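**Student:** Pasting final39.cif below, which is mmCIF, C-alpha atoms.
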data_my_file
loop_
_atom_site.label_atom_id
_atom_site.label_comp_id
_atom_site.auth_asym_id
_atom_site.auth_seq_id
_atom_site.Cartn_x
_atom_site.Cartn_y
_atom_site.Cartn_z
CA MET A 4 20.37 -23.24 123.31
CA ALA A 5 18.00 -24.88 125.70
CA ILE A 6 15.27 -27.02 124.20
CA VAL A 7 11.95 -26.52 125.91
CA GLU A 8 9.55 -29.45 125.87
CA ALA A 9 6.13 -28.43 124.57
CA PRO A 10 2.99 -30.44 125.25
CA PRO A 11 1.36 -31.91 122.16
CA LEU A 12 -1.27 -29.66 120.68
CA ALA A 13 -3.99 -32.19 121.22
CA ALA A 14 -7.60 -31.33 120.61
CA HIS A 15 -9.20 -29.92 123.71
CA ARG A 16 -12.50 -29.41 121.98
CA THR A 17 -14.44 -31.27 119.33
CA PRO A 18 -11.92 -32.80 116.95
CA PRO A 19 -12.33 -32.27 113.22
CA PRO A 20 -12.90 -35.13 110.81
CA SER A 21 -9.93 -37.44 110.34
CA GLY A 22 -9.75 -36.79 106.60
CA ARG A 23 -9.54 -33.59 104.59
CA ASP A 24 -12.51 -31.26 104.78
CA THR A 25 -13.63 -31.13 101.16
CA GLY A 26 -15.90 -28.16 101.83
CA ILE A 27 -13.03 -26.08 103.22
CA ASP A 28 -10.82 -27.13 100.31
CA PHE A 29 -13.52 -26.06 97.87
CA LEU A 30 -13.87 -22.67 99.57
CA ARG A 31 -10.10 -22.15 99.44
CA ALA A 32 -10.16 -22.86 95.72
CA LEU A 33 -13.01 -20.37 95.26
CA CYS A 34 -10.98 -17.73 97.12
CA VAL A 35 -8.04 -18.22 94.76
CA LEU A 36 -10.38 -17.99 91.77
CA GLY A 37 -11.84 -14.78 93.20
CA VAL A 38 -8.39 -13.20 93.53
CA VAL A 39 -7.48 -14.01 89.93
CA LEU A 40 -10.79 -12.65 88.62
CA LEU A 41 -10.49 -9.47 90.69
CA HIS A 42 -6.98 -8.69 89.49
CA ALA A 43 -7.90 -9.58 85.90
CA ILE A 44 -10.83 -7.18 85.84
CA MET A 45 -8.62 -4.40 87.20
CA VAL A 46 -6.24 -4.54 84.23
CA GLY A 47 -6.58 -1.52 81.96
CA VAL A 48 -4.57 -1.23 78.76
CA THR A 49 -5.02 1.29 75.94
CA VAL A 50 -2.90 3.00 73.31
CA ALA A 51 -2.50 6.78 73.24
CA ASP A 52 -0.36 8.69 70.73
CA GLY A 53 1.20 5.46 69.55
CA SER A 54 2.32 4.40 73.03
CA PRO A 55 0.79 1.82 75.39
CA VAL A 56 -0.90 3.04 78.55
CA PHE A 57 -1.20 0.60 81.44
CA ALA A 58 -3.43 1.57 84.36
CA ASN A 59 -5.71 0.22 87.06
CA ALA A 60 -9.07 0.04 85.28
CA SER A 61 -10.92 0.45 88.58
CA ASP A 62 -9.38 3.78 89.59
CA GLY A 63 -12.09 6.38 90.14
CA THR A 64 -14.91 4.10 88.99
CA TRP A 65 -18.27 3.47 90.62
CA TRP A 66 -18.29 -0.25 89.96
CA ILE A 67 -15.27 -1.31 92.00
CA ALA A 68 -17.15 -0.92 95.33
CA PRO A 69 -19.96 -3.41 94.56
CA VAL A 70 -17.48 -5.75 92.85
CA SER A 71 -15.24 -5.64 95.93
CA TRP A 72 -18.12 -6.77 98.16
CA ILE A 73 -18.28 -9.92 96.06
CA LEU A 74 -14.62 -10.59 95.33
CA GLN A 75 -12.92 -9.44 98.56
CA VAL A 76 -12.16 -13.00 99.65
CA MET A 77 -8.87 -12.49 101.49
CA PRO A 78 -10.47 -12.46 104.98
CA LEU A 79 -12.06 -15.84 104.31
CA PHE A 80 -8.82 -17.14 102.84
CA PHE A 81 -6.90 -16.32 106.03
CA ILE A 82 -9.65 -17.86 108.18
CA ILE A 83 -9.39 -21.02 106.10
CA ALA A 84 -5.60 -20.87 106.40
CA GLY A 85 -6.00 -20.71 110.17
CA PHE A 86 -8.35 -23.70 110.08
CA ALA A 87 -6.02 -25.76 107.89
CA GLY A 88 -2.83 -24.69 109.67
CA TYR A 89 -4.20 -25.37 113.15
CA THR A 90 -5.47 -28.79 112.09
CA SER A 91 -2.20 -29.69 110.38
CA TYR A 92 -0.02 -28.49 113.24
CA ARG A 93 -2.12 -30.35 115.82
CA ARG A 94 -1.82 -33.61 113.91
CA GLN A 95 1.91 -33.10 113.41
CA SER A 96 2.35 -32.34 117.11
CA GLU A 97 0.47 -35.49 118.07
CA ARG A 98 2.93 -37.47 115.92
CA GLY A 99 5.88 -35.91 117.74
CA GLY A 100 6.59 -33.14 115.24
CA THR A 101 8.10 -29.82 116.27
CA ALA A 102 7.18 -26.21 115.76
CA ALA A 103 10.38 -25.63 113.79
CA ALA A 104 9.63 -28.55 111.47
CA PHE A 105 6.15 -27.19 110.79
CA VAL A 106 7.44 -23.69 109.97
CA ALA A 107 10.35 -25.01 107.89
CA ALA A 108 7.95 -27.03 105.76
CA ARG A 109 5.85 -23.91 105.21
CA VAL A 110 8.94 -21.93 104.21
CA HIS A 111 9.83 -24.48 101.55
CA ARG A 112 6.26 -24.82 100.24
CA LEU A 113 5.77 -21.05 99.94
CA LEU A 114 9.20 -19.90 98.81
CA ARG A 115 10.09 -22.61 96.30
CA PRO A 116 7.53 -21.47 93.68
CA ALA A 117 8.19 -17.82 94.61
CA THR A 118 11.90 -18.23 93.85
CA VAL A 119 11.14 -19.46 90.35
CA VAL A 120 8.55 -16.84 89.41
CA ILE A 121 10.56 -13.90 90.76
CA GLY A 122 13.61 -15.15 88.88
CA VAL A 123 11.65 -15.48 85.63
CA VAL A 124 10.12 -12.00 86.05
CA GLY A 125 13.57 -10.53 86.69
CA VAL A 126 14.94 -12.10 83.51
CA ALA A 127 11.87 -10.93 81.55
CA LEU A 128 12.33 -7.35 82.74
CA ALA A 129 16.00 -7.47 81.77
CA LEU A 130 15.12 -8.74 78.28
CA LEU A 131 12.52 -6.00 77.83
CA SER A 132 15.18 -3.45 78.64
CA LEU A 133 17.62 -5.01 76.16
CA ILE A 134 15.11 -4.89 73.29
CA GLY A 135 14.46 -1.23 73.89
CA VAL A 136 11.20 -1.11 75.80
CA PRO A 137 11.00 2.28 77.56
CA ALA A 138 12.20 2.26 81.16
CA GLU A 139 8.92 3.82 82.31
CA ILE A 140 6.89 0.91 80.98
CA ILE A 141 9.28 -1.60 82.52
CA ALA A 142 8.97 0.18 85.87
CA ILE A 143 5.16 0.06 85.65
CA ALA A 144 5.27 -3.66 84.85
CA GLY A 145 7.59 -4.28 87.81
CA PHE A 146 5.34 -2.27 90.11
CA ARG A 147 2.17 -4.03 89.00
CA TYR A 148 3.82 -7.42 89.39
CA GLY A 149 5.10 -6.66 92.88
CA GLN A 150 1.82 -5.38 94.33
CA PRO A 151 0.25 -8.79 95.06
CA LEU A 152 3.45 -10.01 96.74
CA TRP A 153 2.26 -8.47 100.01
CA PHE A 154 0.26 -11.67 100.41
CA LEU A 155 3.36 -13.85 100.21
CA GLY A 156 5.12 -11.89 102.95
CA VAL A 157 2.11 -11.67 105.27
CA PHE A 158 1.14 -15.30 104.76
CA LEU A 159 4.69 -16.44 105.46
CA LEU A 160 4.74 -14.41 108.68
CA CYS A 161 1.35 -15.67 109.83
CA GLN A 162 2.33 -19.28 109.15
CA ALA A 163 5.62 -18.77 110.99
CA LEU A 164 3.72 -17.45 114.02
CA LEU A 165 1.06 -20.16 113.82
CA PRO A 166 2.64 -22.63 116.29
CA ALA A 167 2.99 -19.93 118.95
CA LEU A 168 -0.49 -18.54 118.27
CA ALA A 169 -1.98 -22.05 118.27
CA HIS A 170 -0.38 -22.74 121.65
CA ALA A 171 -1.80 -19.46 122.99
CA HIS A 172 -5.20 -20.38 121.58
CA ARG A 173 -5.06 -23.69 123.40
CA ARG A 174 -4.46 -21.94 126.72
CA MET A 175 -6.44 -18.71 126.40
CA PRO A 176 -8.38 -18.61 123.12
CA LYS A 177 -10.63 -15.61 123.77
CA THR A 178 -7.88 -13.53 125.35
CA MET A 179 -5.48 -14.12 122.45
CA LEU A 180 -8.05 -13.20 119.81
CA ALA A 181 -9.18 -10.16 121.79
CA ALA A 182 -5.59 -8.95 122.09
CA LEU A 183 -5.08 -9.10 118.32
CA VAL A 184 -8.40 -7.37 117.60
CA VAL A 185 -7.80 -4.61 120.15
CA ALA A 186 -4.32 -4.04 118.72
CA ALA A 187 -5.78 -3.78 115.21
CA LEU A 188 -8.44 -1.33 116.38
CA GLY A 189 -5.77 0.71 118.13
CA VAL A 190 -3.76 0.99 114.92
CA ASP A 191 -6.85 2.13 113.01
CA ALA A 192 -7.62 4.73 115.67
CA LEU A 193 -4.04 6.02 115.75
CA ARG A 194 -3.94 6.24 111.98
CA SER A 195 -7.23 8.16 111.95
CA GLN A 196 -6.18 10.57 114.68
CA THR A 197 -2.72 11.33 113.28
CA GLY A 198 -3.57 11.23 109.58
CA VAL A 199 -0.44 9.16 108.97
CA ASP A 200 -1.58 6.40 106.63
CA GLY A 201 1.75 4.61 106.95
CA LEU A 202 0.84 3.60 110.50
CA GLY A 203 -1.85 1.39 109.02
CA PHE A 204 0.74 -1.02 107.68
CA VAL A 205 1.30 -2.27 111.23
CA ASN A 206 -2.04 -4.01 110.73
CA LEU A 207 -0.40 -6.24 108.16
CA VAL A 208 0.37 -8.25 111.29
CA PHE A 209 -2.61 -7.68 113.59
CA VAL A 210 -5.51 -7.86 111.11
CA TRP A 211 -4.33 -10.92 109.19
CA ALA A 212 -3.13 -12.73 112.32
CA ALA A 213 -6.53 -12.07 113.92
CA LEU A 214 -8.32 -13.56 110.91
CA GLN A 215 -6.02 -16.57 111.04
CA GLN A 216 -6.80 -16.85 114.76
CA ILE A 217 -10.54 -16.86 114.01
CA GLY A 218 -9.86 -19.90 111.86
CA PHE A 219 -8.62 -21.74 114.95
CA PHE A 220 -12.12 -21.45 116.45
CA LEU A 221 -13.52 -23.06 113.31
CA ALA A 222 -10.91 -25.82 113.49
CA ASP A 223 -11.47 -26.76 117.15
CA GLY A 224 -15.25 -26.92 116.82
CA THR A 225 -16.10 -23.79 118.80
CA VAL A 226 -17.95 -22.17 115.91
CA ASP A 227 -19.95 -25.29 115.12
CA ARG A 228 -21.08 -25.63 118.74
CA LEU A 229 -22.67 -22.19 118.67
CA SER A 230 -26.37 -22.28 117.83
CA ARG A 231 -27.37 -21.36 114.32
CA ARG A 232 -29.21 -18.37 115.75
CA VAL A 233 -26.07 -17.03 117.44
CA ARG A 234 -24.00 -17.48 114.28
CA ALA A 235 -26.65 -15.74 112.18
CA ILE A 236 -26.88 -12.84 114.64
CA ALA A 237 -23.09 -12.46 114.69
CA GLY A 238 -22.96 -12.34 110.91
CA ALA A 239 -25.86 -9.93 110.60
CA ALA A 240 -24.49 -7.64 113.31
CA SER A 241 -21.09 -7.58 111.64
CA LEU A 242 -22.67 -6.78 108.28
CA ILE A 243 -24.69 -3.94 109.79
CA ALA A 244 -21.59 -2.60 111.52
CA LEU A 245 -19.62 -2.81 108.27
CA VAL A 246 -22.27 -0.97 106.28
CA ALA A 247 -22.58 1.69 108.98
CA ALA A 248 -18.80 2.18 109.11
CA CYS A 249 -18.64 2.56 105.32
CA VAL A 250 -21.62 4.92 105.13
CA GLY A 251 -20.25 6.93 108.05
CA GLY A 252 -16.89 7.39 106.37
CA VAL A 253 -14.95 5.35 108.91
CA TYR A 254 -13.90 2.88 106.22
CA SER A 255 -13.99 3.04 102.44
CA PRO A 256 -16.95 1.26 100.81
CA ASP A 257 -14.36 -0.12 98.39
CA LEU A 258 -13.26 -3.19 100.32
CA ILE A 259 -10.18 -3.50 98.14
CA ALA A 260 -9.02 -0.10 99.40
CA ASN A 261 -9.27 -1.48 102.94
CA ILE A 262 -6.49 -3.92 102.16
CA ASN A 263 -3.73 -1.37 101.53
CA PRO A 264 -3.13 -0.77 104.35
CA PRO A 265 -5.43 -3.30 106.01
CA THR A 266 -8.18 -2.03 108.29
CA CYS A 267 -10.55 -3.62 110.79
CA ALA A 268 -13.23 -3.53 108.10
CA LEU A 269 -11.63 -6.78 106.96
CA LEU A 270 -12.32 -8.33 110.36
CA LEU A 271 -16.01 -7.53 109.94
CA VAL A 272 -15.92 -8.99 106.42
CA GLY A 273 -14.30 -12.12 107.82
CA ILE A 274 -16.99 -12.59 110.48
CA VAL A 275 -19.75 -12.13 107.90
CA GLN A 276 -18.11 -14.68 105.62
CA LEU A 277 -17.47 -17.12 108.47
CA SER A 278 -21.09 -16.83 109.60
CA ALA A 279 -22.34 -17.64 106.12
CA VAL A 280 -19.90 -20.53 105.71
CA SER A 281 -20.77 -22.06 109.08
CA LEU A 282 -24.51 -21.85 108.40
CA LEU A 283 -24.14 -23.39 104.93
CA ARG A 284 -21.30 -25.76 105.73
CA GLU A 285 -23.22 -29.01 105.22
CA ARG A 286 -24.51 -27.85 101.85
CA ILE A 287 -21.06 -26.63 100.85
CA SER A 288 -19.52 -29.98 101.84
CA ALA A 289 -22.15 -31.90 99.88
CA PHE A 290 -21.65 -29.72 96.80
CA SER A 291 -17.84 -29.99 97.07
CA ARG A 292 -18.08 -33.76 96.64
CA ARG A 293 -19.74 -33.48 93.23
CA PRO A 294 -17.36 -34.53 90.44
CA ALA A 295 -16.97 -31.10 88.81
CA ALA A 296 -16.54 -29.27 92.12
CA ALA A 297 -14.10 -31.88 93.39
CA ALA A 298 -12.05 -31.67 90.20
CA PHE A 299 -11.91 -27.87 90.41
CA SER A 300 -10.98 -27.98 94.09
CA GLY A 301 -8.30 -30.62 93.56
CA PHE A 302 -6.78 -28.71 90.65
CA VAL A 303 -6.47 -25.41 92.52
CA ASN A 304 -5.48 -26.74 95.94
CA ARG A 305 -2.60 -28.66 94.49
CA ARG A 306 -1.27 -25.46 92.94
CA THR A 307 -2.52 -22.67 95.21
CA MET A 308 0.71 -20.69 95.45
CA THR A 309 1.63 -21.36 91.82
CA VAL A 310 -1.70 -19.95 90.64
CA TYR A 311 -1.41 -16.95 92.92
CA LEU A 312 2.20 -16.15 92.07
CA TRP A 313 1.85 -16.61 88.31
CA HIS A 314 -1.51 -15.02 87.59
CA MET A 315 -0.06 -11.50 87.64
CA PRO A 316 2.77 -12.24 85.16
CA VAL A 317 0.13 -13.83 82.93
CA LEU A 318 -2.04 -10.71 83.15
CA LEU A 319 0.95 -8.44 82.44
CA ALA A 320 1.87 -10.55 79.42
CA MET A 321 -1.72 -10.37 78.16
CA ALA A 322 -1.74 -6.59 78.59
CA GLY A 323 1.58 -6.21 76.79
CA LEU A 324 0.53 -8.42 73.88
CA SER A 325 -2.77 -6.55 73.61
CA ALA A 326 -0.90 -3.26 73.35
CA VAL A 327 1.48 -4.66 70.72
CA PHE A 328 -1.45 -6.01 68.72
CA ALA A 329 -3.23 -2.65 68.83
CA MET A 330 -0.13 -0.70 67.83
CA THR A 331 0.78 -3.01 64.94
CA THR A 332 -2.71 -3.50 63.51
CA GLY A 333 -4.30 -0.16 64.32
CA VAL A 334 -7.25 -1.90 65.99
CA PRO A 335 -8.22 0.33 68.94
CA LEU A 336 -8.52 -1.08 72.44
CA PRO A 337 -11.69 -0.07 74.32
CA GLU A 338 -11.33 2.46 77.11
CA PRO A 339 -11.87 0.94 80.57
CA SER A 340 -15.44 1.05 81.89
CA THR A 341 -16.96 1.74 78.45
CA LEU A 342 -19.60 -0.55 76.96
CA GLY A 343 -17.07 -2.06 74.56
CA TRP A 344 -14.69 -2.76 77.43
CA TRP A 345 -17.37 -4.53 79.46
CA LEU A 346 -18.44 -6.59 76.45
CA SER A 347 -14.85 -7.76 76.03
CA ARG A 348 -14.43 -8.72 79.72
CA PRO A 349 -15.87 -12.26 79.51
CA LEU A 350 -13.32 -13.20 76.84
CA TRP A 351 -10.54 -11.41 78.75
CA LEU A 352 -11.39 -13.17 82.02
CA ALA A 353 -11.69 -16.56 80.33
CA GLY A 354 -8.31 -16.04 78.68
CA ALA A 355 -6.72 -15.06 81.97
CA LEU A 356 -8.07 -18.16 83.71
CA ALA A 357 -7.09 -20.49 80.88
CA LEU A 358 -3.54 -19.16 80.56
CA THR A 359 -2.99 -19.12 84.31
CA ALA A 360 -4.22 -22.71 84.52
CA ALA A 361 -1.91 -23.74 81.69
CA VAL A 362 1.11 -22.16 83.40
CA ALA A 363 0.13 -23.71 86.73
CA ILE A 364 -0.13 -27.18 85.15
CA SER A 365 3.32 -26.88 83.61
CA LEU A 366 4.87 -25.80 86.93
CA THR A 367 2.97 -28.06 89.32
CA SER A 368 6.02 -30.09 90.30
CA ILE A 369 7.82 -27.02 91.63
CA GLU A 370 5.20 -26.49 94.34
CA THR A 371 4.35 -30.11 95.07
CA ARG A 372 7.83 -31.64 95.00
CA PRO A 373 8.61 -32.80 98.55
CA SER A 374 11.66 -31.33 100.23
CA PRO A 375 14.34 -33.66 101.59
CA PRO A 376 13.86 -34.20 105.33
CA PRO A 377 16.52 -32.04 107.03
CA SER A 378 17.39 -31.85 110.71
CA TYR A 379 15.26 -28.90 111.69
CA SER A 380 16.73 -26.17 113.84
CA THR A 381 14.69 -23.61 115.72
CA ARG A 382 17.25 -20.89 115.16
CA GLY A 383 17.77 -21.83 111.53
CA THR A 384 14.04 -21.77 110.85
CA ALA A 385 13.67 -18.35 112.49
CA VAL A 386 16.54 -16.98 110.39
CA ALA A 387 14.95 -18.51 107.27
CA VAL A 388 11.68 -16.70 107.93
CA ALA A 389 13.49 -13.40 108.55
CA ILE A 390 15.49 -13.66 105.31
CA GLY A 391 12.40 -14.69 103.34
CA LEU A 392 10.42 -11.74 104.67
CA PHE A 393 13.26 -9.32 103.92
CA SER A 394 13.44 -10.59 100.33
CA VAL A 395 9.73 -10.01 99.75
CA VAL A 396 9.73 -6.61 101.47
CA LEU A 397 12.65 -5.58 99.26
CA LEU A 398 10.46 -5.98 96.17
CA LEU A 399 7.49 -4.27 97.80
CA VAL A 400 9.46 -1.24 98.96
CA THR A 401 11.93 -0.69 96.13
CA GLY A 402 9.90 -2.13 93.27
CA THR A 403 10.60 -5.14 91.09
CA SER A 404 13.43 -4.72 88.62
CA ALA A 405 16.01 -7.08 87.17
CA VAL A 406 18.40 -6.12 89.98
CA THR A 407 15.97 -6.32 92.90
CA ALA A 408 14.49 -9.55 91.55
CA GLY A 409 17.98 -11.05 91.44
CA LEU A 410 18.67 -9.99 95.01
CA ALA A 411 15.31 -11.36 96.13
CA VAL A 412 16.00 -14.71 94.47
CA LEU A 413 19.33 -14.96 96.28
CA GLY A 414 17.56 -14.15 99.54
CA LEU A 415 14.86 -16.75 98.97
CA LEU A 416 17.44 -19.41 98.13
CA LEU A 417 19.31 -18.55 101.30
CA SER A 418 16.07 -18.65 103.28
CA ARG A 419 15.25 -22.13 102.06
CA ARG A 420 18.75 -23.28 102.90
CA TRP A 421 18.43 -21.99 106.46
CA ALA A 422 15.02 -23.63 106.80
CA GLY A 423 16.75 -27.01 106.77
CA ARG A 424 19.82 -26.08 108.76
CA SER A 425 20.64 -27.81 112.03
CA ARG A 426 22.78 -26.27 114.76
CA GLN A 427 21.66 -28.36 117.70
CA PRO A 428 21.18 -32.02 118.51
CA ALA A 429 18.03 -33.66 117.27
CA GLY A 430 15.18 -33.52 119.73
CA ARG A 431 11.83 -31.94 120.43
CA GLU A 432 11.83 -28.19 120.22
CA GLY A 433 9.25 -26.20 122.11
CA ILE A 434 7.08 -23.37 120.94
CA ALA A 435 8.57 -21.08 123.56
CA ASP A 436 12.02 -21.70 122.07
CA LEU A 437 10.81 -20.86 118.59
CA VAL A 438 9.20 -17.63 119.77
CA ARG A 439 12.29 -16.64 121.74
CA VAL A 440 14.60 -16.66 118.71
CA ALA A 441 11.98 -15.24 116.31
#
Could you show the structure in this file as structure tokens?

**Tutor:**
Amino acid sequence: MAIVEAPPLAAHRTPPPSGRDTGIDFLRALCVLGVVLLHAIMVGVTVADGSPVFANASDGTWWIAPVSWILQVMPLFFIIAGFAGYTSYRRQSERGGTAAAFVAARVHRLLRPATVVIGVVGVALALLSLIGVPAEIIAIAGFRYGQPLWFLGVFLLCQALLPALAHAHRRMPKTMLAALVVAALGVDALRSQTGVDGLGFVNLVFVWAALQQIGFFLADGTVDRLSRRVRAIAGAASLIALVAACVGGVYSPDLIANINPPTCALLLVGIVQLSAVSLLRERISAFSRRPAAAAFSGFVNRRTMTVYLWHMPVLLAMAGLSAVFAMTTGVPLPEPSTLGWWLSRPLWLAGALALTAAVAISLTSIETRPSPPPSYSTRGTAVAVAIGLFSVVLLLVTGTSAVTAGLAVLGLLLSRRWAGRSRQPAGREGIADLVRVA
């Protein structure tokens, strides 16, 4: 395989600060906190006729729409991921690093904690079956656990494409972003015209890649060079367009519903959030350096994937134990959305955060342990990404069970092995070569 020399991804605009951006780190931590809180408040568990009932507490409620406008943080998270990934890849490129090495490192960082949690969940589901828990309840638990895994698959894909997209941004930034946005709009239009909702899942690529691409503009200084007036107008216009699209029935006013499958409403959300962040960036940076904010940011950013991957098993365990407590003591659990349920939410949310933090602390080394430096191969890295994606999609499509979790773990182990495999002499690998085999 020919190795194509790629020019270093040097800054062609205003370079970012040499150290970590504490404000961006703080915002990333807030996004993770928002995800945990959102999923925690959506847990509904009751007991009916002596059997536990697990459901999405937000289904058919009025309150999920306003809550989603506060806690729909995924667009900002992907913008921040684009900022951080572009900055990291540029620095690595300037030191002589390769696209394959960058992607391989991402594969290991994302899939190492995922391998452990999926394996533990698979064993837990098998044990529940052995002790006689009804198969229907086990299936519900597996389904609820697997739902948030879409993020792992999409994030892995976006990070794998980042070197190629960063190179395209360096050469034709506006054209590359426009292409992704137009493609996403086209998918939305086709889905609307045909009535086939499944077509919307194509936007798992276009919408999230576009948001990541927007982060590149934040990283290279383009956003900061715009006047405050322009940034404010862009944010306000996007907010007006979003409200109009929701009121007009183009998109659901429940921004969580716009994530499955993703719609261009998320692009508008991302621009609104980016506008606010850019206008308040100095204040955010100053606040992020306060001791409490810095401690919170440092805690979460060290364990981002661990927190994300483990918060759902924690919530499922809390729901199961709540049901067992109610059935054994006769103490009724409040129906979702009732006054009693809302009064119990602060304690429920605090418990979810505390338990998730405790699990994350105990498993920190799994995510942060450095991988041995292998001889990176473009082809091996591309195969690793493909196997990793297949393993995640397997759980999303078929559901999480003891069997599918076992197969997924084998796939993730194989993916990580391929991420360090070398089939060519050491040397600089180009972005074009990585794209060609991917």

**Student:** Between A:Thr407, A:Asn206, A:Ser278, A:Thr341, which has the minimum distance to A:Ala240 (counting all atoms listed in the file)?

**Tutor:**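 When distances to A:Ala240 are compared using all atoms listed in the file, the smallest one comes from A:Ser278.
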
**Student:** Give the padded box for stretch 260-279 of chain A as AutoDock Vina command-line options: axis-aligned, covering all atoms listed in the file, 3 Å on each side, centre and edge lengths in Å to one decimal.

**Tutor:**
--center_x -12.7 --center_y -8.9 --center_z 105.1 --size_x 25.2 --size_y 23.5 --size_z 17.4

**Student:** Given the file shown, enumerate the residues that the PyMOL selection byres ((chain A and resi 246-260) around 12) captures and present them as a PyMOL selection string.

**Tutor:** chain A and resi 38+41-42+45+61-78+188+191-192+194-196+239-245+261-273+275

**Student:** With the cut-off set at 12 Å and counting only C-alpha atoms, tabulate each residue of stretch 71-116 of chain A with an atom at most that distance from an atom of stretch 122-134 of chain A, showing the nearest atom pair and its distance in Å to one decimal, ordered by chain and increasing number, as JSON lines.

**Tutor:**
{"residue": "A:Leu114", "atom": "CA", "partner": "A:Gly122", "partner_atom": "CA", "distance": 11.9}
{"residue": "A:Arg115", "atom": "CA", "partner": "A:Gly122", "partner_atom": "CA", "distance": 11.1}
{"residue": "A:Pro116", "atom": "CA", "partner": "A:Gly122", "partner_atom": "CA", "distance": 10.0}

**Student:** Rounded to one decimal in Å, what is the spacing between atom CA of A:Trp211 and atom CA of A:Phe80?

**Tutor:**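 Distance between the two atoms: 10.0 Å.
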
**Student:** Counting only C-alpha atoms, which of A:Ala353, A:Leu283, A:Ala84, A:Leu342 gets nearest to A:Phe219?

**Tutor:**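 Using only C-alpha atoms, the shortest distance to A:Phe219 belongs to A:Ala84.
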
**Student:** Within 9 Å of stretch 300-315 of chain A, counting all atoms listed in the file, which residues show up once you throw out same-chain ones fewer than 2 positions away? Write them as an mmCIF file with C-alpha atoms, in the frame of the given file, please.

**Tutor:**
data_model
loop_
_atom_site.group_PDB
_atom_site.id
_atom_site.type_symbol
_atom_site.label_atom_id
_atom_site.label_comp_id
_atom_site.auth_asym_id
_atom_site.auth_seq_id
_atom_site.Cartn_x
_atom_site.Cartn_y
_atom_site.Cartn_z
ATOM 1 C CA THR A 25 -13.630 -31.130 101.160
ATOM 2 C CA ASP A 28 -10.820 -27.130 100.310
ATOM 3 C CA PHE A 29 -13.520 -26.060 97.870
ATOM 4 C CA LEU A 30 -13.870 -22.670 99.570
ATOM 5 C CA ARG A 31 -10.100 -22.150 99.440
ATOM 6 C CA ALA A 32 -10.160 -22.860 95.720
ATOM 7 C CA LEU A 33 -13.010 -20.370 95.260
ATOM 8 C CA VAL A 35 -8.040 -18.220 94.760
ATOM 9 C CA LEU A 36 -10.380 -17.990 91.770
ATOM 10 C CA VAL A 38 -8.390 -13.200 93.530
ATOM 11 C CA VAL A 39 -7.480 -14.010 89.930
ATOM 12 C CA HIS A 42 -6.980 -8.690 89.490
ATOM 13 C CA ALA A 43 -7.900 -9.580 85.900
ATOM 14 C CA ARG A 112 6.260 -24.820 100.240
ATOM 15 C CA LEU A 113 5.770 -21.050 99.940
ATOM 16 C CA PRO A 116 7.530 -21.470 93.680
ATOM 17 C CA ALA A 117 8.190 -17.820 94.610
ATOM 18 C CA VAL A 120 8.550 -16.840 89.410
ATOM 19 C CA ILE A 121 10.560 -13.900 90.760
ATOM 20 C CA ARG A 147 2.170 -4.030 89.000
ATOM 21 C CA TYR A 148 3.820 -7.420 89.390
ATOM 22 C CA GLY A 149 5.100 -6.660 92.880
ATOM 23 C CA PRO A 151 0.250 -8.790 95.060
ATOM 24 C CA LEU A 152 3.450 -10.010 96.740
ATOM 25 C CA LEU A 155 3.360 -13.850 100.210
ATOM 26 C CA SER A 291 -17.840 -29.990 97.070
ATOM 27 C CA ALA A 295 -16.970 -31.100 88.810
ATOM 28 C CA ALA A 296 -16.540 -29.270 92.120
ATOM 29 C CA ALA A 297 -14.100 -31.880 93.390
ATOM 30 C CA ALA A 298 -12.050 -31.670 90.200
ATOM 31 C CA VAL A 317 0.130 -13.830 82.930
ATOM 32 C CA LEU A 318 -2.040 -10.710 83.150
ATOM 33 C CA LEU A 319 0.950 -8.440 82.440
ATOM 34 C CA ALA A 320 1.870 -10.550 79.420
ATOM 35 C CA ALA A 355 -6.720 -15.060 81.970
ATOM 36 C CA LEU A 356 -8.070 -18.160 83.710
ATOM 37 C CA LEU A 358 -3.540 -19.160 80.560
ATOM 38 C CA THR A 359 -2.990 -19.120 84.310
ATOM 39 C CA ALA A 360 -4.220 -22.710 84.520
ATOM 40 C CA VAL A 362 1.110 -22.160 83.400
ATOM 41 C CA ALA A 363 0.130 -23.710 86.730
ATOM 42 C CA ILE A 364 -0.130 -27.180 85.150
ATOM 43 C CA LEU A 366 4.870 -25.800 86.930
ATOM 44 C CA THR A 367 2.970 -28.060 89.320
ATOM 45 C CA ILE A 369 7.820 -27.020 91.630
ATOM 46 C CA GLU A 370 5.200 -26.490 94.340
ATOM 47 C CA THR A 371 4.350 -30.110 95.070
#

**Student:** Could you tell me which of A:Leu336, A:Leu350, A:Ile217, A:Gly224 comes closest to A:Gln276 if we count all atoms listed in the file?

**Tutor:**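 Closest residue, counting all atoms listed in the file: A:Ile217.
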
**Student:** Using the chain letters and numbers from the file, which residues does the PyMOL selection byres ((chain A and resi 231) around 12) grab, as a count of residues only?

**Tutor:** 19

**Student:** May I have the residues within 8 Å of stretch 415-420 of chain A as a list in words, using all atoms listed in the file and disregarding those fewer than 3 positions away in the same chain?

**Tutor:**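 Counting all atoms listed in the file, the residues come to Val110, His111, Leu114, Arg115, Thr118, Val386, Ala387, Val388, Ala389, Ile390, Gly391, Ser394, Ala411, Val412, Gly423 and Arg424 of chain A.
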
**Student:** Take atom CA of A:Gly201 and atom CA of A:Val185 and report the distance between them in Å, one decimal.

**Tutor:**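 Value for the atom CA of A:Gly201-atom CA of A:Val185 distance: 18.7 Å.
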